[in-house]
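Trainee: Compact mmCIF, C-alpha atoms, file start-v1.txt:
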# COMPACT_ATOMS: atom_id res chain seq x y z
CA MET P 1 -4.89 88.39 164.42
CA LEU P 2 -4.47 87.34 160.81
CA THR P 3 -3.84 90.90 159.67
CA SER P 4 -0.78 91.15 161.89
CA LEU P 5 1.39 89.69 159.14
CA LEU P 6 0.68 92.59 156.77
CA PRO P 7 1.43 96.33 156.96
CA GLY P 8 -1.07 98.25 159.05
CA ALA P 9 -3.04 99.93 156.27
CA MET P 10 -3.17 96.79 154.21
CA GLY P 11 -4.12 94.61 157.14
CA GLN P 12 -6.96 96.99 157.94
CA ALA P 13 -8.10 96.83 154.32
CA VAL P 14 -8.27 93.06 154.59
CA ALA P 15 -10.34 93.24 157.74
CA GLU P 16 -12.86 95.62 156.25
CA GLN P 17 -15.74 94.33 154.17
CA VAL P 18 -16.28 95.98 150.81
CA SER P 19 -19.66 97.64 150.48
CA VAL P 20 -20.59 99.08 147.11
CA ALA P 21 -24.12 99.97 148.11
CA GLY P 22 -22.99 103.26 149.62
CA LEU P 23 -21.38 104.23 146.33
CA ALA P 24 -24.46 103.69 144.22
CA GLY P 25 -25.66 107.27 144.54
CA GLY P 26 -22.51 108.72 142.98
CA VAL P 27 -20.72 111.86 144.13
CA VAL P 28 -21.87 115.40 143.49
CA ARG P 29 -19.13 117.79 142.37
CA GLN P 30 -18.80 121.36 141.05
CA THR P 31 -18.05 121.43 137.33
CA GLY P 32 -16.33 124.63 136.35
CA GLY P 33 -19.23 126.97 135.82
CA ALA P 34 -21.56 124.35 134.38
CA GLY P 35 -23.46 123.78 137.63
CA LEU P 36 -23.58 120.70 139.80
CA GLU P 37 -22.88 117.42 138.02
CA ARG P 38 -23.36 113.92 139.42
CA ASP P 39 -20.76 111.28 138.64
CA PRO P 40 -22.08 108.09 137.05
CA PRO P 41 -23.22 105.59 139.71
CA ASN P 42 -20.24 104.13 141.57
CA LEU P 43 -18.03 103.76 138.46
CA THR P 44 -15.22 106.13 139.41
CA GLU P 45 -15.17 104.94 143.01
CA LEU P 46 -15.20 101.28 141.99
CA LYS P 47 -12.30 101.88 139.64
CA LYS P 48 -10.27 103.38 142.48
CA GLU P 49 -11.34 100.56 144.80
CA ALA P 50 -10.29 97.97 142.23
CA GLU P 51 -6.90 99.61 141.71
CA GLN P 52 -6.34 99.91 145.47
CA SER P 53 -7.39 96.31 145.93
CA ALA P 54 -4.88 95.23 143.30
CA LYS P 55 -2.20 97.23 145.09
CA ASP P 56 -3.11 95.60 148.42
CA LEU P 57 -3.01 92.18 146.80
CA GLU P 58 0.40 92.93 145.31
CA GLU P 59 1.72 94.04 148.69
CA ALA P 60 0.24 90.96 150.32
CA THR P 61 1.91 88.77 147.72
CA LYS P 62 5.23 90.44 148.46
CA ALA P 63 4.61 89.90 152.18
CA LEU P 64 3.88 86.26 151.42
CA GLU P 65 7.16 85.95 149.54
CA GLN P 66 8.98 87.50 152.49
CA ARG P 67 7.16 85.18 154.85
CA ARG P 68 8.12 82.21 152.73
CA ALA P 69 11.73 83.34 152.88
CA GLN P 70 11.41 83.51 156.66
CA LEU P 71 9.83 80.06 156.68
CA ALA P 72 12.66 78.72 154.53
CA SER P 73 15.09 80.11 157.09
CA ALA P 74 13.01 78.54 159.86
CA ASP P 75 13.15 75.22 158.01
CA LYS P 76 16.93 75.39 157.97
CA GLU P 77 16.95 76.26 161.66
CA LEU P 78 14.54 73.41 162.35
CA SER P 79 16.76 70.96 160.47
CA ALA P 80 19.76 72.20 162.42
CA LYS P 81 17.87 71.74 165.71
CA LEU P 82 16.91 68.21 164.77
CA ARG P 83 20.51 67.40 163.87
CA GLN P 84 21.63 68.81 167.21
CA LEU P 85 18.98 66.69 168.90
CA GLN P 86 20.32 63.56 167.21
CA VAL P 87 23.85 64.44 168.30
CA ALA P 88 22.64 65.02 171.87
CA ASP P 89 20.95 61.60 171.88
CA ARG P 90 24.15 59.94 170.71
CA GLU P 91 26.24 61.81 173.28
CA LEU P 92 23.82 60.83 176.00
CA ALA P 93 24.11 57.17 175.02
CA VAL P 94 27.90 57.41 174.99
CA VAL P 95 27.99 59.05 178.40
CA ARG P 96 25.62 56.55 179.96
CA GLN P 97 27.75 53.56 178.91
CA PRO P 98 30.79 54.45 181.10
CA LEU P 99 28.43 54.90 184.05
CA SER P 100 27.20 51.37 183.56
CA ASN P 101 30.78 50.15 183.23
CA LEU P 102 31.80 51.92 186.45
CA VAL P 103 29.05 50.24 188.40
CA GLY P 104 30.23 46.84 187.13
CA MET P 105 33.81 47.62 188.02
CA LEU P 106 32.90 48.65 191.55
CA TYR P 107 30.90 45.48 192.01
CA GLN P 108 33.68 43.28 190.69
CA GLN P 109 36.34 44.98 192.84
CA SER P 110 34.21 44.80 195.98
CA GLY P 111 33.81 41.06 195.41
CA SER P 112 37.45 40.36 194.58
CA GLY P 113 38.78 41.19 198.06
CA ASP P 114 40.80 44.20 196.98
CA ILE P 115 38.76 46.53 199.18
CA ALA P 116 37.70 44.01 201.88
CA PRO P 117 40.52 44.98 204.30
CA PHE P 118 39.43 48.58 204.07
CA LEU P 119 35.88 47.62 204.88
CA SER P 120 37.07 45.50 207.85
CA GLY P 121 39.13 48.34 209.37
CA SER P 122 42.65 47.10 208.50
CA SER P 123 44.88 49.01 206.13
CA ASP P 124 47.82 48.03 203.98
CA GLU P 125 49.21 48.99 200.58
CA SER P 126 46.50 47.17 198.66
CA THR P 127 43.86 48.78 200.80
CA LEU P 128 45.24 52.24 200.07
CA ARG P 129 45.38 51.43 196.37
CA ALA P 130 41.76 50.28 196.49
CA MET P 131 40.78 53.49 198.25
CA GLY P 132 42.43 55.52 195.49
CA ASP P 133 40.66 53.51 192.81
CA ILE P 134 37.31 53.96 194.51
CA THR P 135 37.87 57.70 194.91
CA GLN P 136 38.73 58.00 191.22
CA LEU P 137 35.77 55.90 190.15
CA VAL P 138 33.36 57.88 192.31
CA ALA P 139 34.69 61.16 190.87
CA ARG P 140 34.25 59.82 187.36
CA ARG P 141 30.77 58.60 188.26
CA ASP P 142 29.83 62.02 189.60
CA GLN P 143 31.07 63.64 186.40
CA VAL P 144 29.09 61.20 184.29
CA VAL P 145 25.94 61.93 186.31
CA LYS P 146 26.53 65.64 185.88
CA ASP P 147 27.09 65.29 182.12
CA THR P 148 24.03 63.11 181.82
CA GLY P 149 21.86 65.72 183.54
CA ARG P 150 23.25 68.50 181.32
CA LEU P 151 22.68 66.52 178.15
CA ASN P 152 19.14 65.65 179.23
CA GLU P 153 18.37 69.33 179.76
CA GLU P 154 19.92 70.19 176.39
CA ARG P 155 17.91 67.49 174.69
CA GLU P 156 14.65 68.76 176.20
CA ARG P 157 15.48 72.33 175.17
CA LEU P 158 16.23 71.31 171.59
CA ALA P 159 13.07 69.21 171.38
CA THR P 160 10.97 72.15 172.61
CA GLU P 161 12.58 74.58 170.16
CA ALA P 162 12.08 72.19 167.26
CA GLN P 163 8.43 71.77 168.16
CA ASP P 164 7.92 75.54 168.41
CA LEU P 165 9.56 76.10 165.03
CA ARG P 166 7.41 73.45 163.40
CA ALA P 167 4.21 74.87 164.91
CA GLY P 168 5.17 78.43 163.95
CA LYS P 169 5.83 77.37 160.37
CA LEU P 170 2.45 75.71 159.99
CA LEU P 171 0.63 78.64 161.61
CA GLY P 172 2.44 81.19 159.44
CA GLU P 173 1.54 79.36 156.24
CA ALA P 174 -2.12 79.12 157.28
CA GLN P 175 -2.30 82.82 158.20
CA MET P 176 -0.80 83.99 154.92
CA ALA P 177 -3.13 81.72 152.92
CA VAL P 178 -6.13 83.33 154.63
CA GLU P 179 -4.78 86.85 154.02
CA ILE P 180 -4.21 86.26 150.30
CA ASP P 181 -7.56 84.53 149.84
CA THR P 182 -9.40 87.39 151.58
CA LEU P 183 -7.72 90.02 149.42
CA ARG P 184 -8.35 88.07 146.23
CA LYS P 185 -12.04 87.68 147.04
CA ARG P 186 -12.25 91.39 147.82
CA SER P 187 -10.66 92.25 144.47
CA ASP P 188 -12.96 89.88 142.59
CA LYS P 189 -16.02 91.38 144.27
CA ILE P 190 -15.05 94.93 143.30
CA VAL P 191 -14.28 93.97 139.70
CA LYS P 192 -17.61 92.16 139.48
CA SER P 193 -19.46 95.27 140.70
CA LEU P 194 -17.51 97.40 138.24
CA THR P 195 -18.40 95.05 135.39
CA GLN P 196 -22.08 95.20 136.31
CA SER P 197 -21.96 99.00 136.24
CA LEU P 198 -20.28 99.01 132.82
CA THR P 199 -22.91 96.62 131.49
CA LYS P 200 -25.71 98.93 132.69
CA LEU P 201 -24.00 101.80 130.84
CA GLY P 202 -24.08 99.86 127.58
CA VAL P 203 -20.53 98.51 127.41
CA LYS P 204 -20.58 95.09 125.79
CA VAL P 205 -18.06 92.45 124.78
CA LYS P 206 -18.80 89.33 122.79
CA GLY P 207 -18.04 86.06 124.52
CA GLY P 208 -18.58 87.34 128.05
CA GLN P 209 -15.04 88.72 128.43
CA LEU P 210 -16.07 92.12 129.80
CA ALA P 211 -14.84 91.39 133.34
CA VAL P 212 -11.42 90.46 131.97
CA ARG P 213 -10.96 93.10 129.31
CA CYS P 214 -12.29 95.97 131.43
CA ASP P 215 -10.51 95.04 134.65
CA PRO P 216 -8.42 98.15 135.53
CA THR P 217 -6.12 96.06 137.70
CA ARG P 218 -4.66 94.56 134.49
CA ALA P 219 -3.46 97.96 133.27
CA GLU P 220 0.12 97.42 134.40
CA ALA P 221 0.26 94.11 132.54
CA ALA P 222 -1.14 95.77 129.40
CA GLY P 223 1.59 98.41 129.64
CA ARG P 224 4.26 95.76 129.12
CA PHE P 225 3.25 95.19 125.50
CA PRO P 226 4.95 97.16 122.70
CA ASN P 227 3.25 100.26 121.36
CA GLY P 228 0.55 99.28 118.88
CA LEU P 229 0.74 95.59 119.75
CA VAL P 230 -1.54 95.45 122.80
CA PRO P 231 -3.66 92.26 122.56
CA GLU P 232 -7.41 92.70 122.25
CA SER P 233 -7.88 90.83 125.53
CA TYR P 234 -6.27 93.83 127.28
CA LEU P 235 -8.47 96.45 125.59
CA CYS P 236 -11.85 97.51 126.96
CA PRO P 237 -14.54 98.67 124.51
CA LEU P 238 -16.08 102.11 124.87
CA GLN P 239 -19.76 102.92 124.54
CA GLN P 240 -18.87 104.38 121.14
CA LYS P 241 -18.98 101.36 118.84
CA GLY P 242 -15.70 100.28 117.31
CA HIS P 243 -13.50 102.08 119.84
CA GLU P 244 -11.49 100.67 122.73
CA LEU P 245 -8.81 101.68 125.23
CA ARG P 246 -6.66 100.16 127.92
CA ALA P 247 -8.95 99.10 130.78
CA ASP P 248 -8.09 101.85 133.29
CA ALA P 249 -8.28 104.55 130.61
CA ALA P 250 -11.54 103.11 129.28
CA VAL P 251 -13.30 103.04 132.66
CA ALA P 252 -12.19 106.61 133.34
CA PHE P 253 -13.33 107.72 129.88
CA ILE P 254 -16.73 106.07 130.33
CA SER P 255 -17.14 107.99 133.60
CA LEU P 256 -16.18 111.21 131.83
CA ASN P 257 -18.53 110.38 128.97
CA GLU P 258 -21.48 110.00 131.35
CA ALA P 259 -20.76 113.36 132.95
CA TYR P 260 -20.51 114.87 129.45
CA ARG P 261 -23.85 113.27 128.54
CA GLN P 262 -25.47 114.88 131.58
CA ARG P 263 -24.14 118.26 130.55
CA PHE P 264 -24.83 118.19 126.80
CA GLY P 265 -27.55 115.56 126.51
CA ARG P 266 -25.48 113.34 124.23
CA PRO P 267 -22.38 111.14 124.54
CA MET P 268 -18.99 112.28 123.38
CA CYS P 269 -18.15 111.76 119.73
CA VAL P 270 -15.01 109.63 119.25
CA SER P 271 -13.22 109.53 115.92
CA ASP P 272 -10.18 107.52 117.04
CA SER P 273 -8.99 105.58 120.09
CA TYR P 274 -6.56 102.64 120.33
CA ARG P 275 -4.48 102.51 117.19
CA SER P 276 -2.55 99.39 116.19
CA LEU P 277 0.94 99.68 114.76
CA ALA P 278 -0.40 99.08 111.26
CA ALA P 279 -3.03 101.79 111.76
CA GLN P 280 -0.37 104.18 113.06
CA GLN P 281 1.69 103.63 109.93
CA SER P 282 -1.33 104.26 107.72
CA VAL P 283 -2.24 107.52 109.50
CA TYR P 284 1.39 108.67 109.56
CA TYR P 285 1.75 108.36 105.78
CA THR P 286 -1.73 109.58 104.81
CA ARG P 287 -1.82 112.54 107.24
CA PRO P 288 1.78 113.74 107.54
CA GLY P 289 2.30 116.17 110.40
CA PHE P 290 -0.85 115.02 112.22
CA ALA P 291 0.37 111.74 113.68
CA ALA P 292 3.30 110.60 115.79
CA VAL P 293 6.00 108.37 114.39
CA PRO P 294 4.61 104.81 114.36
CA GLY P 295 5.39 103.08 117.63
CA ARG P 296 5.50 106.33 119.61
CA SER P 297 1.85 107.37 119.72
CA ASN P 298 -0.20 107.24 122.91
CA HIS P 299 -2.95 105.84 120.71
CA GLY P 300 -0.78 102.73 120.40
CA LEU P 301 -0.83 102.33 124.20
CA GLY P 302 -4.60 102.64 124.41
CA LEU P 303 -4.26 105.90 126.33
CA ALA P 304 -5.51 108.50 123.84
CA VAL P 305 -8.65 109.46 121.94
CA ASP P 306 -9.48 111.89 119.16
CA LEU P 307 -12.83 113.58 119.72
CA CYS P 308 -15.43 115.21 117.50
CA GLY P 309 -18.95 116.53 118.07
CA GLY P 310 -17.74 120.03 118.92
CA VAL P 311 -14.71 119.23 121.07
CA GLU P 312 -12.50 119.45 117.98
CA ARG P 313 -13.33 123.18 117.72
CA PHE P 314 -10.97 125.09 119.99
CA ARG P 315 -12.77 127.10 122.68
CA SER P 316 -16.16 125.68 121.84
CA ALA P 317 -18.53 125.02 124.75
CA GLU P 318 -17.70 121.32 124.51
CA PHE P 319 -13.96 121.92 124.48
CA ASN P 320 -14.11 124.33 127.42
CA TRP P 321 -16.26 121.98 129.50
CA LEU P 322 -13.94 119.07 128.83
CA GLU P 323 -10.89 121.17 129.63
CA ALA P 324 -12.46 122.17 132.97
CA ASN P 325 -13.69 118.73 134.00
CA SER P 326 -11.56 116.02 132.39
CA LYS P 327 -8.66 116.11 134.85
CA ARG P 328 -10.63 114.71 137.74
CA TYR P 329 -11.17 111.62 135.59
CA GLY P 330 -7.48 111.41 134.68
CA TRP P 331 -7.90 112.84 131.17
CA ILE P 332 -6.04 115.88 129.86
CA HIS P 333 -5.52 117.91 126.74
CA PRO P 334 -1.70 117.72 126.54
CA GLN P 335 0.24 120.95 126.45
CA TRP P 336 1.81 120.24 123.07
CA ALA P 337 -1.65 119.83 121.48
CA TYR P 338 -2.40 123.53 122.12
CA SER P 339 0.21 124.62 119.59
CA ASN P 340 2.64 122.08 118.12
CA PRO P 341 0.90 120.52 116.39
CA PHE P 342 -2.42 122.20 117.14
CA GLU P 343 -4.85 119.35 117.85
CA PRO P 344 -7.83 120.41 120.02
CA TRP P 345 -9.43 117.00 119.31
CA HIS P 346 -6.60 115.00 120.91
CA TRP P 347 -6.97 113.96 124.59
CA GLU P 348 -4.85 111.61 126.70
CA TYR P 349 -5.24 109.58 129.87
CA ASP P 350 -2.65 110.11 132.61
CA PRO P 351 -2.60 107.21 135.15
CA LYS P 352 -0.62 109.30 137.65
CA LEU P 353 -3.19 112.10 137.52
CA ALA P 354 -6.00 109.57 137.95
CA ALA P 355 -4.29 108.11 141.02
CA GLY P 356 -3.86 111.50 142.65
If you convert what's in this file into C-alpha cells, what do you get?
Mentor:
Amino acid sequence: MLTSLLPGAMGQAVAEQVSVAGLAGGVVRQTGGAGLERDPPNLTELKKEAEQSAKDLEEATKALEQRRAQLASADKELSAKLRQLQVADRELAVVRQPLSNLVGMLYQQSGSGDIAPFLSGSSDESTLRAMGDITQLVARRDQVVKDTGRLNEERERLATEAQDLRAGKLLGEAQMAVEIDTLRKRSDKIVKSLTQSLTKLGVKVKGGQLAVRCDPTRAEAAGRFPNGLVPESYLCPLQQKGHELRADAAVAFISLNEAYRQRFGRPMCVSDSYRSLAAQQSVYYTRPGFAAVPGRSNHGLGLAVDLCGGVERFRSAEFNWLEANSKRYGWIHPQWAYSNPFEPWHWEYDPKLAAG
C-alpha cells in the first residue's frame, strides 16, 4: 500500500477522504453559565483540520527526504553492483581464454606423436612425460570449468540484485510522489473550505488573497519575522474593519467573535490588533506605562487584541463571559494583565493552548 512508507497515523490520514459536510452544523458546548452556545459553522474544526493537515504534510516531506536519502544510498549500491558485474564479466572472459588454449594444446600434442605410444599401449619416458602433461592439463581444465561456473553464478546474482535495486528505486519514488500529492490536495481542500467559511462570515481581502493571508498553516512561517515587521501577506483581516492578526490567531478570534455575537447580539469591539514597529513606538511614547517596549509586544506578532464594548470594564458581563469561554478558542487574558499593569482590555492568543 502507498501509505506503508509513512508513519501509521499519517498514512491513515492520507487514506481517509476529508469530508467537511459533517462539520457544517457546528458543535454545541456549555459556556460557563451562559447556556448552550453553538460554535460558528465548521470554522474551528476546519482550522484544526488545516493545522493537522499541514503537520501531516510536513511529516510526509521529512519522510520523503529520508526516502531520498535511502534512494541515494541505493543508487550507490546499484553503481557498486554494476561495477562488480563488469569485473565479473572481465574475469569470466579471462578465465575462458585459458580453457580455449588448453583445448588447442591437447589437440596439438595428440597430433604431434608425444602421446601416441601411450594410446597404442607402449610406454617409455616420453609417454610418461605426456601422461603427466595430460594429467596437469586436465586438472587445469577442470579448475577453469569450475571457476567459469562460479563466475557465471556470481554474474547472474549481481545482475538480479542490480535489477531489483533499480526497480525498487523507481517504485519508491512513485509511491512517495503519490503520498505527497494526496496530502497536498487534502490540505488545499481544507484551506479552501475554511476560506469559504470566512467569506460567509464577512471576512474580505482585496485582490482575492484571502486564502493565502488567512491560511493558518502559514502561521509558523509568519512567526519567523521580527516583531512588528510581519508582512501584510501573512496577516488575516478580522471582521472588525481595519484590524488584522496572524492567520491562526485571526481564525480563532473570528470563531470566538461569532460565539460572542450569539451571546450578546453584537460582535466584539476591537480597539487594537496587530501593531507595526512604528505603531508600537508611537503608543509607547504617547501612553507610557500602557505599552510594552517596542519590539517586545505580542501586538507586534499579530497575537494580541485590545477590546472595548464592555470587555474593557473588569468584571463586566462581557469580561466574565470572555474569561469563561475564550480559552477553548486559544485566547486568554494573561495573568500579568490582571494587575501589572492592569489591562482588562488586553487579550492574547496562545497557539499551544489552541492545539491542546
Trainee: Taking only C-alpha atoms into account, produce a table as a Markdown table in which each residue of region 142-199 of chain P with an atom at most 10 Å from an atom of region 216-224 of chain P appears once, together with its shortest atom pair and the distance in Å to one decimal, ordered by chain and rising number.
Mentor:
| residue | atom | partner | partner_atom | distance |
| --- | --- | --- | --- | --- |
| P:Ser187 | CA | P:Thr217 | CA | 9.0 |
| P:Val191 | CA | P:Pro216 | CA | 8.3 |
| P:Leu194 | CA | P:Pro216 | CA | 9.5 |
Trainee: With a distance cut-off of 6 Å and only C-alpha atoms, select the neighbouring residues of Trp331 (chain P), excluding the residue or stretch itself and same-chain residues fewer than 5 positions from it, and output the selection as a PyMOL selection string.
Mentor: chain P and resi 326+348-349
Trainee: Do you have the CA of Gly310 (chain P)-CA of Met268 (chain P) distance handy?
Mentor: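 Computing it gives 9.0 Å between the two atoms.
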Trainee: Given the choices P:Arg67, P:Lys206, P:Arg184, P:Arg213, which gets closest to Val251 (chain P) if the distance is worked out from all atoms listed in the file?
Mentor: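 Closest candidate: P:Arg213.
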Trainee: Between CA of Val283 (chain P) and CA of Ala250 (chain P), what distance in Å does the model show, to one decimal?
Mentor: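 A separation of 22.3 Å between them.
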Trainee: Residues near Asp75 (chain P), anyone? I mean within 10 Å using only C-alpha atoms, not counting same-chain ones fewer than 4 positions away, as a list in words.
Mentor: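 Residues near the query, excluding close chain neighbours: Ala69, Gln70, Leu71, Ser79, Ala80, Lys81, Ala162, Leu165, Arg166 and Lys169 of chain P.
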Trainee: Identify, on the basis of all atoms listed in the file, every residue whose closest approach to Leu277 (chain P) does not exceed 6 Å; exclude the query and any residue fewer than 2 positions from it along the same chain; express the result as a PyMOL selection string.
Mentor: chain P and resi 228+279-280
